[in-house]
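Novice: My structure is in my_file.tsv, and what it holds is TSV, C-alpha atoms and all ligand atoms:
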chain	number	residue	atom	x	y	z
I	1	MET	CA	182.33	27.97	-62.38
I	2	LEU	CA	180.18	24.88	-62.94
I	3	ASP	CA	183.25	22.85	-61.90
I	4	ALA	CA	183.29	24.60	-58.52
I	5	VAL	CA	179.55	24.08	-57.95
I	6	SER	CA	179.70	20.40	-58.80
I	7	LYS	CA	182.78	19.89	-56.59
I	8	ALA	CA	181.02	21.60	-53.67
I	9	PHE	CA	177.88	19.50	-54.17
I	10	PHE	CA	179.74	16.17	-54.19
I	11	HIS	CA	182.01	17.16	-51.32
I	12	GLY	CA	178.82	17.82	-49.34
I	13	LEU	CA	177.44	14.40	-50.26
I	14	ALA	CA	180.75	12.79	-49.29
I	15	ARG	CA	179.91	13.66	-45.68
I	16	SER	CA	176.55	11.86	-45.78
I	17	ARG	CA	176.53	8.75	-43.58
I	18	MET	CA	173.42	7.34	-45.23
I	19	LEU	CA	174.93	7.62	-48.69
I	20	LYS	CA	178.14	6.05	-47.46
I	21	HIS	CA	176.15	3.15	-46.02
I	22	LEU	CA	174.22	2.65	-49.26
I	23	ALA	CA	177.38	2.93	-51.34
I	24	SER	CA	179.25	0.36	-49.27
I	25	ARG	CA	176.29	-1.95	-49.70
I	26	TYR	CA	176.09	-1.67	-53.47
I	27	GLY	CA	179.35	-0.10	-54.64
I	28	MET	CA	181.89	-2.92	-54.66
I	29	ARG	CA	179.93	-6.10	-53.99
I	30	ARG	CA	180.34	-7.76	-57.36
I	31	PRO	CA	182.90	-7.51	-60.14
I	32	SER	CA	180.31	-5.44	-62.04
I	33	SER	CA	179.60	-3.02	-59.15
I	34	PHE	CA	179.77	0.68	-60.01
I	35	ALA	CA	182.66	1.78	-57.78
I	36	ARG	CA	184.93	-0.82	-59.37
I	37	ARG	CA	185.38	1.42	-62.34
I	38	PHE	CA	187.54	3.72	-60.16
I	39	ILE	CA	188.71	1.42	-57.33
I	40	ALA	CA	190.77	-1.71	-57.95
I	41	GLY	CA	189.10	-3.64	-55.12
I	42	GLU	CA	188.73	-3.74	-51.37
I	43	THR	CA	191.66	-6.09	-50.71
I	44	ILE	CA	195.38	-5.99	-51.41
I	45	ASP	CA	195.00	-9.19	-53.44
I	46	GLU	CA	192.61	-7.46	-55.82
I	47	ALA	CA	194.93	-4.43	-56.03
I	48	LEU	CA	197.94	-6.62	-56.83
I	49	GLU	CA	195.98	-8.40	-59.53
I	50	ALA	CA	195.03	-5.04	-61.08
I	51	ALA	CA	198.64	-3.83	-60.80
I	52	ARG	CA	199.95	-6.93	-62.56
I	53	ALA	CA	197.47	-6.49	-65.40
I	54	ILE	CA	198.42	-2.80	-65.81
I	55	GLN	CA	202.14	-3.54	-65.75
I	56	ALA	CA	201.66	-6.29	-68.34
I	57	GLY	CA	200.50	-3.52	-70.71
I	58	GLY	CA	203.79	-1.63	-70.25
I	59	LEU	CA	202.47	0.93	-67.76
I	60	LEU	CA	203.89	1.89	-64.36
I	61	ILE	CA	201.81	1.85	-61.17
I	62	THR	CA	201.51	3.42	-57.74
I	63	LEU	CA	199.32	1.69	-55.15
I	64	ASP	CA	197.20	3.69	-52.73
I	65	GLN	CA	195.58	2.07	-49.69
I	66	LEU	CA	192.55	4.36	-49.42
I	67	GLY	CA	191.88	6.21	-46.18
I	68	GLU	CA	191.89	9.79	-44.88
I	69	SER	CA	190.71	12.08	-42.08
I	70	VAL	CA	191.55	9.58	-39.32
I	71	THR	CA	190.80	11.03	-35.89
I	72	GLY	CA	191.95	8.35	-33.40
I	73	PRO	CA	195.61	7.42	-32.72
I	74	GLU	CA	194.74	3.71	-32.88
I	75	ASP	CA	193.18	4.15	-36.34
I	76	ALA	CA	196.27	6.03	-37.57
I	77	SER	CA	198.46	3.29	-36.15
I	78	GLN	CA	196.31	0.64	-37.81
I	79	ALA	CA	196.54	2.47	-41.17
I	80	THR	CA	200.33	2.53	-40.76
I	81	ARG	CA	200.47	-1.20	-39.97
I	82	THR	CA	198.32	-1.86	-43.02
I	83	TYR	CA	200.78	0.08	-45.18
I	84	LEU	CA	203.67	-1.97	-43.76
I	85	THR	CA	201.80	-5.13	-44.76
I	86	VAL	CA	201.09	-3.64	-48.18
I	87	ILE	CA	204.84	-3.00	-48.62
I	88	ASP	CA	205.61	-6.64	-47.75
I	89	ARG	CA	202.89	-7.90	-50.06
I	90	ILE	CA	204.14	-5.75	-52.96
I	91	VAL	CA	207.66	-7.07	-52.46
I	92	ALA	CA	206.41	-10.68	-52.34
I	93	ALA	CA	204.24	-10.16	-55.43
I	94	GLY	CA	207.08	-8.62	-57.42
I	95	VAL	CA	205.07	-5.65	-58.67
I	96	GLU	CA	206.55	-2.16	-58.93
I	97	ARG	CA	207.60	-0.66	-55.58
I	98	ASN	CA	205.72	2.61	-55.56
I	99	ILE	CA	203.03	3.72	-53.10
I	100	SER	CA	201.00	6.86	-52.40
I	101	VAL	CA	199.91	7.92	-48.89
I	102	LYS	CA	197.81	10.67	-47.33
I	103	LEU	CA	198.98	12.36	-44.15
I	104	THR	CA	195.50	12.63	-42.58
I	105	GLN	CA	195.36	8.84	-42.90
I	106	LEU	CA	198.48	8.69	-40.70
I	107	GLY	CA	197.13	11.03	-38.01
I	108	LEU	CA	197.77	14.61	-39.17
I	109	ASP	CA	194.42	15.65	-37.64
I	110	ILE	CA	195.47	14.17	-34.27
I	111	ASP	CA	198.85	15.85	-34.05
I	112	ARG	CA	201.91	16.38	-36.16
I	113	ALA	CA	204.17	14.12	-34.06
I	114	THR	CA	201.86	11.10	-34.43
I	115	CYS	CA	201.71	11.64	-38.17
I	116	VAL	CA	205.48	12.07	-38.55
I	117	ASP	CA	206.17	8.93	-36.46
I	118	ASN	CA	203.80	6.91	-38.63
I	119	LEU	CA	205.16	8.34	-41.87
I	120	ARG	CA	208.71	7.60	-40.74
I	121	ARG	CA	207.79	3.96	-40.06
I	122	ILE	CA	206.44	3.68	-43.59
I	123	LEU	CA	209.43	5.48	-45.12
I	124	ASP	CA	211.87	3.27	-43.19
I	125	ALA	CA	210.22	0.06	-44.40
I	126	ALA	CA	209.89	1.50	-47.91
I	127	GLY	CA	213.55	2.54	-47.93
I	128	ARG	CA	214.70	-0.94	-46.95
I	129	HIS	CA	212.96	-2.29	-50.06
I	130	GLU	CA	213.79	0.57	-52.43
I	131	PHE	CA	210.26	1.89	-52.76
I	132	PHE	CA	209.28	5.39	-53.85
I	133	VAL	CA	206.65	6.98	-51.60
I	134	ARG	CA	204.45	9.79	-52.92
I	135	ILE	CA	202.79	11.96	-50.31
I	136	ASP	CA	199.42	12.94	-51.77
I	137	MET	CA	198.26	16.52	-51.22
I	138	GLU	CA	194.99	17.14	-49.41
I	139	ASN	CA	192.96	20.33	-49.17
I	140	SER	CA	194.47	23.75	-48.59
I	141	PRO	CA	194.53	23.80	-44.75
I	142	TYR	CA	196.99	20.86	-44.91
I	143	VAL	CA	199.33	22.14	-47.61
I	144	GLU	CA	201.82	24.08	-45.49
I	145	THR	CA	202.12	21.33	-42.84
I	146	THR	CA	202.47	18.65	-45.51
I	147	LEU	CA	205.29	20.53	-47.25
I	148	ASP	CA	206.93	21.32	-43.93
I	149	ILE	CA	206.88	17.67	-42.82
I	150	PHE	CA	208.19	16.65	-46.22
I	151	GLU	CA	211.05	19.16	-46.05
I	152	THR	CA	211.98	18.07	-42.52
I	153	LEU	CA	212.13	14.40	-43.47
I	154	TRP	CA	213.97	15.21	-46.70
I	155	GLY	CA	216.54	17.05	-44.60
I	156	GLN	CA	216.89	13.94	-42.44
I	157	GLY	CA	217.83	11.92	-45.50
I	158	TYR	CA	214.49	10.48	-46.59
I	159	ARG	CA	215.10	11.03	-50.29
I	160	HIS	CA	212.87	8.26	-51.65
I	161	ALA	CA	209.75	10.40	-51.26
I	162	GLY	CA	208.01	13.08	-53.29
I	163	VAL	CA	205.07	15.46	-52.97
I	164	VAL	CA	202.08	16.68	-54.94
I	165	LEU	CA	201.30	20.29	-55.90
I	166	GLN	CA	197.89	21.53	-57.05
I	167	SER	CA	197.74	24.15	-59.81
I	168	ALA	CA	194.40	25.44	-58.48
I	169	LEU	CA	196.12	26.97	-55.45
I	170	PHE	CA	197.65	30.46	-55.79
I	171	ARG	CA	200.59	29.40	-53.65
I	172	SER	CA	201.69	26.43	-55.78
I	173	GLU	CA	203.99	28.31	-58.15
I	174	ALA	CA	206.08	29.49	-55.21
I	175	ASP	CA	205.86	26.00	-53.70
I	176	THR	CA	207.22	24.59	-56.96
I	177	ASP	CA	210.34	26.76	-56.59
I	178	ARG	CA	210.61	25.61	-52.98
I	179	VAL	CA	210.46	21.89	-53.85
I	180	ASN	CA	212.69	22.36	-56.92
I	181	ARG	CA	215.34	23.91	-54.64
I	182	LEU	CA	215.30	20.71	-52.55
I	183	GLY	CA	215.70	18.62	-55.69
I	184	ALA	CA	212.62	16.54	-54.84
I	185	ARG	CA	210.10	14.99	-57.17
I	186	VAL	CA	206.71	16.65	-57.72
I	187	ARG	CA	203.45	15.21	-59.04
I	188	LEU	CA	201.53	18.10	-60.61
I	189	VAL	CA	197.70	17.92	-60.45
I	190	LYS	CA	194.88	20.45	-60.85
I	191	GLY	CA	193.55	19.80	-57.32
I	192	ALA	CA	190.60	17.63	-56.33
I	193	TYR	CA	189.14	19.73	-53.51
I	194	LYS	CA	186.60	22.53	-53.38
I	195	GLU	CA	188.71	25.49	-52.31
I	196	PRO	CA	187.69	29.05	-51.33
I	197	ARG	CA	188.32	31.91	-53.76
I	198	THR	CA	190.73	33.45	-51.24
I	199	VAL	CA	193.28	30.70	-51.89
I	200	ALA	CA	192.43	29.14	-55.25
I	201	TYR	CA	191.52	29.88	-58.85
I	202	GLN	CA	187.85	29.11	-59.50
I	203	ARG	CA	187.86	29.04	-63.31
I	204	LYS	CA	189.09	26.07	-65.31
I	205	ALA	CA	191.00	28.34	-67.71
I	206	GLU	CA	192.98	29.84	-64.80
I	207	VAL	CA	193.69	26.44	-63.21
I	208	ASP	CA	194.86	25.12	-66.59
I	209	ALA	CA	197.09	28.14	-67.28
I	210	ALA	CA	198.70	27.76	-63.84
I	211	PHE	CA	199.14	24.04	-64.53
I	212	MET	CA	201.23	24.80	-67.61
I	213	ARG	CA	203.26	27.53	-65.85
I	214	ILE	CA	204.13	25.01	-63.12
I	215	ALA	CA	204.80	22.26	-65.67
I	216	ARG	CA	207.37	24.59	-67.28
I	217	LYS	CA	209.05	25.24	-63.91
I	218	LEU	CA	209.18	21.50	-63.26
I	219	MET	CA	210.57	20.67	-66.70
I	220	THR	CA	213.28	23.31	-66.43
I	221	GLY	CA	214.21	23.19	-62.73
I	222	GLY	CA	212.64	20.06	-61.25
I	223	VAL	CA	213.54	16.40	-60.91
I	224	TYR	CA	211.61	13.77	-62.86
I	225	PRO	CA	208.22	15.51	-62.65
I	226	ALA	CA	204.93	13.62	-62.92
I	227	ILE	CA	202.28	15.38	-65.00
I	228	ALA	CA	199.03	13.95	-63.62
I	229	THR	CA	195.93	14.84	-65.61
I	230	HIS	CA	193.30	13.32	-67.89
I	231	ASP	CA	192.97	16.58	-69.77
I	232	ALA	CA	193.95	15.86	-73.40
I	233	ARG	CA	194.63	19.54	-74.06
I	234	LEU	CA	197.11	19.80	-71.18
I	235	ILE	CA	198.73	16.52	-72.17
I	236	ASP	CA	199.28	17.85	-75.69
I	237	ALA	CA	200.58	21.14	-74.29
I	238	THR	CA	203.01	19.20	-72.07
I	239	LYS	CA	204.27	17.21	-75.06
I	240	ARG	CA	204.83	20.46	-76.97
I	241	LEU	CA	206.58	21.99	-73.95
I	242	ALA	CA	208.91	18.99	-73.67
I	243	ALA	CA	209.74	19.26	-77.37
I	244	GLU	CA	210.35	23.02	-77.11
I	245	LEU	CA	212.67	22.53	-74.13
I	246	ASP	CA	214.30	19.50	-75.75
I	247	VAL	CA	213.50	17.42	-72.67
I	248	ALA	CA	213.86	13.66	-73.18
I	249	LYS	CA	210.77	11.47	-72.79
I	250	THR	CA	212.55	9.52	-70.05
I	251	THR	CA	212.98	12.54	-67.76
I	252	PHE	CA	209.32	12.95	-66.83
I	253	GLU	CA	206.17	10.85	-66.70
I	254	PHE	CA	202.44	11.21	-67.22
I	255	GLN	CA	200.03	9.85	-64.62
I	256	MET	CA	196.30	9.12	-64.55
I	257	LEU	CA	193.85	7.61	-62.10
I	258	TYR	CA	192.74	4.00	-62.38
I	259	GLY	CA	189.75	3.61	-64.68
I	260	ILE	CA	189.82	7.06	-66.29
I	261	ARG	CA	190.62	7.77	-69.96
I	262	ARG	CA	192.14	4.36	-70.73
I	263	ASP	CA	192.13	5.36	-74.41
I	264	LEU	CA	194.53	8.23	-73.71
I	265	GLN	CA	196.67	6.04	-71.42
I	266	ALA	CA	197.22	3.49	-74.20
I	267	ARG	CA	198.02	6.21	-76.73
I	268	LEU	CA	200.70	7.80	-74.52
I	269	VAL	CA	202.41	4.45	-73.97
I	270	ALA	CA	202.30	3.71	-77.70
I	271	ASP	CA	203.94	7.11	-78.32
I	272	GLY	CA	206.83	6.13	-76.04
I	273	TYR	CA	206.01	8.26	-72.98
I	274	LEU	CA	206.45	6.92	-69.45
I	275	PHE	CA	203.05	6.52	-67.93
I	276	ARG	CA	201.88	5.61	-64.40
I	277	VAL	CA	198.44	4.56	-63.19
I	278	TYR	CA	197.37	5.48	-59.66
I	279	VAL	CA	195.70	2.32	-58.33
I	280	PRO	CA	193.51	2.93	-55.27
I	281	PHE	CA	192.12	0.08	-53.19
I	282	GLY	CA	190.63	-0.67	-49.77
I	283	ASP	CA	187.29	-0.42	-48.02
I	284	GLU	CA	187.61	3.32	-47.25
I	285	TRP	CA	186.83	4.22	-50.85
I	286	PHE	CA	183.77	6.46	-50.44
I	287	PRO	CA	185.37	9.98	-50.23
I	288	TYR	CA	187.76	9.18	-53.09
I	289	PHE	CA	184.85	7.91	-55.15
I	290	MET	CA	182.77	11.03	-54.46
I	291	ARG	CA	185.64	13.26	-55.62
I	292	ARG	CA	185.68	11.36	-58.93
I	293	LEU	CA	181.93	11.98	-59.34
I	294	GLY	CA	182.41	15.68	-58.53
I	295	GLU	CA	184.98	15.99	-61.32
I	296	ARG	CA	182.58	14.64	-63.90
I	297	PRO	CA	178.90	14.72	-62.95
I	298	ALA	CA	178.13	12.62	-66.06
I	299	ASN	CA	179.52	9.71	-64.01
I	300	VAL	CA	176.42	9.87	-61.83
I	301	GLY	CA	174.32	8.41	-64.64
I	302	PHE	CA	176.48	5.36	-64.85
I	303	VAL	CA	176.47	4.96	-61.06
I	304	LEU	CA	172.66	5.10	-60.94
I	305	LYS	CA	172.48	2.48	-63.67
I	306	GLY	CA	174.85	0.34	-61.59
I	307	VAL	CA	172.80	0.74	-58.40
I	308	LEU	CA	169.54	-0.13	-60.14
I	309	GLY	CA	171.20	-3.11	-61.80
I	310	GLU	CA	172.45	-4.38	-58.43
I	311	ARG	CA	169.06	-4.52	-56.74
O	1	LIG	P1	189.59	17.91	-65.64
O	1	LIG	O1	188.89	17.70	-64.37
O	1	LIG	O2	189.58	19.25	-66.29
O	1	LIG	O3	189.24	16.79	-66.64
O	1	LIG	C1	189.72	16.71	-67.96
O	1	LIG	C2	189.07	15.53	-68.66
O	1	LIG	O4	189.46	14.31	-68.04
O	1	LIG	C3	187.53	15.49	-68.57
O	1	LIG	O5	186.96	16.24	-69.60
O	1	LIG	C4	187.25	14.02	-68.69
O	1	LIG	O6	187.35	13.60	-70.03
O	1	LIG	C5	188.39	13.40	-67.94
O	1	LIG	N1	188.07	13.19	-66.50
O	1	LIG	C6	188.54	13.90	-65.46
O	1	LIG	N2	188.06	13.42	-64.30
O	1	LIG	C7	187.25	12.38	-64.63
O	1	LIG	C8	186.47	11.48	-63.87
O	1	LIG	N3	186.41	11.54	-62.55
O	1	LIG	N4	185.76	10.53	-64.54
O	1	LIG	C9	185.82	10.44	-65.89
O	1	LIG	N5	186.56	11.27	-66.65
O	1	LIG	C10	187.26	12.23	-66.04
O	1	LIG	N6	194.35	15.75	-56.42
O	1	LIG	C11	194.74	16.27	-55.25
O	1	LIG	O7	194.18	17.27	-54.81
O	1	LIG	N7	195.75	15.68	-54.53
O	1	LIG	C12	196.42	14.58	-55.00
O	1	LIG	O8	197.33	14.09	-54.32
O	1	LIG	C13	196.03	14.04	-56.25
O	1	LIG	N8	196.64	12.95	-56.78
O	1	LIG	C14	196.36	12.57	-58.08
O	1	LIG	C15	197.11	11.56	-58.70
O	1	LIG	C16	196.90	11.28	-60.04
O	1	LIG	C17	197.73	10.23	-60.70
O	1	LIG	C18	195.90	12.00	-60.78
O	1	LIG	C19	195.68	11.73	-62.25
O	1	LIG	C20	195.14	12.94	-60.15
O	1	LIG	C21	195.33	13.22	-58.81
O	1	LIG	N9	194.56	14.19	-58.17
O	1	LIG	C22	194.97	14.66	-56.95
O	1	LIG	C23	193.28	14.63	-58.77
O	1	LIG	C24	193.42	15.90	-59.57
O	1	LIG	O9	193.67	16.98	-58.72
O	1	LIG	C25	192.13	16.18	-60.35
O	1	LIG	O10	191.07	16.34	-59.45
O	1	LIG	C26	191.75	15.12	-61.35
O	1	LIG	O11	192.87	14.59	-61.99
O	1	LIG	C27	190.79	15.67	-62.41
O	1	LIG	O12	191.39	16.72	-63.10
O	1	LIG	P2	192.00	16.59	-64.57
O	1	LIG	O13	193.40	17.08	-64.53
O	1	LIG	O14	191.86	15.22	-65.07
O	1	LIG	O15	191.22	17.65	-65.42
Output the structure of this file as structure tokens.
Specialist:
Amino acid sequence: MLDAVSKAFFHGLARSRMLKHLASRYGMRRPSSFARRFIAGETIDEALEAARAIQAGGLLITLDQLGESVTGPEDASQATRTYLTVIDRIVAAGVERNISVKLTQLGLDIDRATCVDNLRRILDAAGRHEFFVRIDMENSPYVETTLDIFETLWGQGYRHAGVVLQSALFRSEADTDRVNRLGARVRLVKGAYKEPRTVAYQRKAEVDAAFMRIARKLMTGGVYPAIATHDARLIDATKRLAAELDVAKTTFEFQMLYGIRRDLQARLVADGYLFRVYVPFGDEWFPYFMRRLGERPANVGFVLKGVLGER
């Protein structure tokens, strides 16, 4: 319950222009700035540097150029062009070819056709260079359209893409069967958004139980699932599930967000599991950052310390 209240509070703050202004002034300015714990940097150069360092430790990466809720066609087009540059820069840098994108960044709020055109441009460029493209999942009003667009493009032969399903949503178990039938890759998460009780579980215990039910479906009927959580209990449960089902460590991967639970990340790699870090970067970092605070209000203390230290 507390989880839901804190999510709602921080999602409210995420809409504050004044806070956004203050955060962009203090959040990323110096290497010690507070937002840098969760965001690799504002530029692609900084993101590539972070990616290289992570890969050097034997971990996999996916790069995310932050941005969402774009309302103008020119902004969606610009975000798409930026992604095309990011693809070229990743190829030139020789880091792993794996990116994550959000459909509202590509114009889903403008209209579906704009978004699909932009996504196709990214998938075409990505396909030429053998990238994998993960389509992040946004809040519940976007889930059906996101899955529908994904299915359409999958049917057109875009097989180097995957989706995300959120265990908090009632619908996700059925969606897991739907994506498993396609033979597409799923990243399983709990869900970062404050959702109404009509569509989502509100209690952590229910979200966690659904997470493990979906993990089982993915391990038995899915293709190379990604189990994305920082929850040590669910990670242990996933390891036990894999052992029970006699699933090889190479047929699934764990994922975590940049800057969170590095201790657990290192332990999983040492134990021989495949492990990917989601590396977000770019100047549109504020909503992503606020979601991270909402997940763990204790982070606010360290942010305040950072702000006071910056002055
Ligand atoms: P939970 O929130 O229960 O946290 C478990 C433990 O992890 C905490 O006790 C704490 O130790 C640690 N922890 C969690 N969050 C922390 C934080 N912010 N700071 C410090 N410690 C923290 N969501 C979504 O809706 N759509 C998406 O596309 C994605 N994509 C995605 C990719 C990857 C790689 C990950 C790991 C997560 C996402 N998410 C996401 C976010 C996801 O839905 C969820 O909000 C967060 O992962 C937090 O939930 P946990 O599973 O970590 O559990």
Novice: Please report, as lines of an AutoDock Vina configuration file, the centre and edge lengths in Å to one decimal of an axis-aligned box covering all listed atoms of ligand LIG 1 (chain O) with 4 Å per side.
Specialist:
center_x = 191.7
center_y = 14.7
center_z = -62.2
size_x = 20.0
size_y = 17.0
size_z = 23.7
Novice: In Å, how far is it from atom CA of I:Arg97 to atom CA of I:Val133?
Specialist: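 Interatomic distance here is 8.7 Å.
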Novice: Throw together the list of residues within 7 Å of ligand LIG 1 (chain O), counting only C-alpha atoms and all ligand atoms, and drop it here as a PyMOL selection string.
Specialist: chain I and resi 136-139+164+166+189-193+204+228-232+255-257+260-261+277-278+292-293+295-296+299
Novice: Under the rule that only C-alpha atoms are counted, which of I:Ala92, I:Val163, I:Ile149, I:Ala8 is the nearest residue to I:Pro297?
Specialist: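 Among I:Ala92, I:Val163, I:Ile149, I:Ala8, it is I:Ala8 that comes nearest to I:Pro297.
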Novice: At what distance in Å, to one decimal, does atom CA of I:Ala174 lie from atom CA of I:Ala242?
Specialist: 21.4 Å
Novice: Could you jot down the atom CA of I:Leu63 to atom CA of I:Asn98 separation for me, Å, one decimal place?
Specialist: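 Separating atom CA of I:Leu63 from atom CA of I:Asn98 is a distance of 6.5 Å.
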Novice: Kindly assemble as CSV a list of the stretch 196-302 of chain I residues that lie within 9 Å of stretch 49-61 of chain I, each paired with its nearest atom pair and their distance in Å to one decimal, using only C-alpha atoms, sorted first by chain and then by ascending residue number.
Specialist:
residue,atom,partner,partner_atom,distance
I:Gln255,CA,I:Leu60,CA,8.9
I:Gln265,CA,I:Leu59,CA,8.6
I:Ala266,CA,I:Gly57,CA,8.5
I:Val269,CA,I:Leu59,CA,7.1
I:Leu274,CA,I:Leu59,CA,7.4
I:Phe275,CA,I:Leu59,CA,5.6
I:Arg276,CA,I:Leu60,CA,4.2
I:Val277,CA,I:Ile61,CA,4.8
I:Tyr278,CA,I:Ile61,CA,5.9
I:Val279,CA,I:Ile61,CA,6.8
Novice: I'd like to know which of I:Gln202, I:Arg181, I:Val143, I:Asp45 is closest to I:Thr104, using all atoms listed in the file.
Specialist: I:Val143
Novice: Of the candidates I:Pro141, I:Gly301, I:Pro196, I:Pro225, which one gets nearest to I:Asn180 if we count all atoms listed in the file?
Specialist: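 Answer, going by the shortest atom-to-atom distance: I:Pro225.
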Novice: Write out as an mmCIF file with C-alpha atoms, in the coordinates of the input each polymer residue whose atoms come within 12 Å of I:Arg178, counting all atoms listed in the file; drop sequence neighbours fewer than 4 positions from it.
Specialist:
data_model
loop_
_atom_site.group_PDB
_atom_site.id
_atom_site.type_symbol
_atom_site.label_atom_id
_atom_site.label_comp_id
_atom_site.auth_asym_id
_atom_site.auth_seq_id
_atom_site.Cartn_x
_atom_site.Cartn_y
_atom_site.Cartn_z
ATOM 1 C CA GLU I 144 201.820 24.080 -45.490
ATOM 2 C CA LEU I 147 205.290 20.530 -47.250
ATOM 3 C CA ASP I 148 206.930 21.320 -43.930
ATOM 4 C CA PHE I 150 208.190 16.650 -46.220
ATOM 5 C CA GLU I 151 211.050 19.160 -46.050
ATOM 6 C CA VAL I 163 205.070 15.460 -52.970
ATOM 7 C CA LEU I 165 201.300 20.290 -55.900
ATOM 8 C CA ARG I 171 200.590 29.400 -53.650
ATOM 9 C CA SER I 172 201.690 26.430 -55.780
ATOM 10 C CA GLU I 173 203.990 28.310 -58.150
ATOM 11 C CA ALA I 174 206.080 29.490 -55.210
ATOM 12 C CA LEU I 182 215.300 20.710 -52.550
ATOM 13 C CA GLY I 183 215.700 18.620 -55.690
ATOM 14 C CA ALA I 184 212.620 16.540 -54.840
ATOM 15 C CA ARG I 185 210.100 14.990 -57.170
ATOM 16 C CA VAL I 186 206.710 16.650 -57.720
ATOM 17 C CA LYS I 217 209.050 25.240 -63.910
ATOM 18 C CA LEU I 218 209.180 21.500 -63.260
ATOM 19 C CA GLY I 221 214.210 23.190 -62.730
ATOM 20 C CA GLY I 222 212.640 20.060 -61.250
#
Novice: Out of I:Arg213, I:Arg120, I:Lys194, I:Arg187, which residue has the shortest atom-to-atom distance to I:Ser140 when counting only C-alpha atoms?
Specialist: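 So, comparing all the options, the nearest one is I:Lys194.
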Novice: Excluding I:Ser77 and residues on its chain fewer than 6 positions from it, collect all residues at most 10 Å away from it, counting only C-alpha atoms, and give them as a list in words.
Specialist: Val70, Tyr83, Gln105, Leu106, Gly107, Thr114, Cys115, Asp117 and Asn118 of chain I
Novice: Write the selection just made, keeping C-alpha atoms, as an mmCIF file, in the frame of the given file?
Specialist:
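Below you can see again-v7.cif, which holds the result:
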data_model
loop_
_atom_site.group_PDB
_atom_site.id
_atom_site.type_symbol
_atom_site.label_atom_id
_atom_site.label_comp_id
_atom_site.auth_asym_id
_atom_site.auth_seq_id
_atom_site.Cartn_x
_atom_site.Cartn_y
_atom_site.Cartn_z
ATOM 1 C CA VAL I 70 191.550 9.580 -39.320
ATOM 2 C CA TYR I 83 200.780 0.080 -45.180
ATOM 3 C CA GLN I 105 195.360 8.840 -42.900
ATOM 4 C CA LEU I 106 198.480 8.690 -40.700
ATOM 5 C CA GLY I 107 197.130 11.030 -38.010
ATOM 6 C CA THR I 114 201.860 11.100 -34.430
ATOM 7 C CA CYS I 115 201.710 11.640 -38.170
ATOM 8 C CA ASP I 117 206.170 8.930 -36.460
ATOM 9 C CA ASN I 118 203.800 6.910 -38.630
#
Novice: Identify which of the residues I:Ile99, I:Ala215, I:Ala40, I:Leu153 lies closest to I:Ala237, counting only C-alpha atoms when measuring atom-to-atom distances.
Specialist: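 Smallest separation from I:Ala237 among the options: I:Ala215.
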Novice: Would you list the contacts of I:Leu84 as a PyMOL selection string, taking every protein, DNA or RNA residue within 12 Å and counting only C-alpha atoms, but skipping same-chain residues closer than 5 positions in sequence?
Specialist: chain I and resi 44+65+77-79+89-91+99+101+118-129+131
Novice: Let's have the selection written as a PDB file, in the coordinates of the input, with C-alpha atoms.
Specialist:
ATOM      1  CA  ILE I  44     195.380  -5.990 -51.410  1.00  0.00           C
ATOM      2  CA  GLN I  65     195.580   2.070 -49.690  1.00  0.00           C
ATOM      3  CA  SER I  77     198.460   3.290 -36.150  1.00  0.00           C
ATOM      4  CA  GLN I  78     196.310   0.640 -37.810  1.00  0.00           C
ATOM      5  CA  ALA I  79     196.540   2.470 -41.170  1.00  0.00           C
ATOM      6  CA  ARG I  89     202.890  -7.900 -50.060  1.00  0.00           C
ATOM      7  CA  ILE I  90     204.140  -5.750 -52.960  1.00  0.00           C
ATOM      8  CA  VAL I  91     207.660  -7.070 -52.460  1.00  0.00           C
ATOM      9  CA  ILE I  99     203.030   3.720 -53.100  1.00  0.00           C
ATOM     10  CA  VAL I 101     199.910   7.920 -48.890  1.00  0.00           C
ATOM     11  CA  ASN I 118     203.800   6.910 -38.630  1.00  0.00           C
ATOM     12  CA  LEU I 119     205.160   8.340 -41.870  1.00  0.00           C
ATOM     13  CA  ARG I 120     208.710   7.600 -40.740  1.00  0.00           C
ATOM     14  CA  ARG I 121     207.790   3.960 -40.060  1.00  0.00           C
ATOM     15  CA  ILE I 122     206.440   3.680 -43.590  1.00  0.00           C
ATOM     16  CA  LEU I 123     209.430   5.480 -45.120  1.00  0.00           C
ATOM     17  CA  ASP I 124     211.870   3.270 -43.190  1.00  0.00           C
ATOM     18  CA  ALA I 125     210.220   0.060 -44.400  1.00  0.00           C
ATOM     19  CA  ALA I 126     209.890   1.500 -47.910  1.00  0.00           C
ATOM     20  CA  GLY I 127     213.550   2.540 -47.930  1.00  0.00           C
ATOM     21  CA  ARG I 128     214.700  -0.940 -46.950  1.00  0.00           C
ATOM     22  CA  HIS I 129     212.960  -2.290 -50.060  1.00  0.00           C
ATOM     23  CA  PHE I 131     210.260   1.890 -52.760  1.00  0.00           C
TER      24      PHE I 131
END
Novice: Give me, as a PyMOL selection string, all polymer residues having an atom no more than 7 Å from I:Thr71, counting only C-alpha atoms and skipping those fewer than 2 positions away in the same chain.
Specialist: chain I and resi 69+73+107+109-110
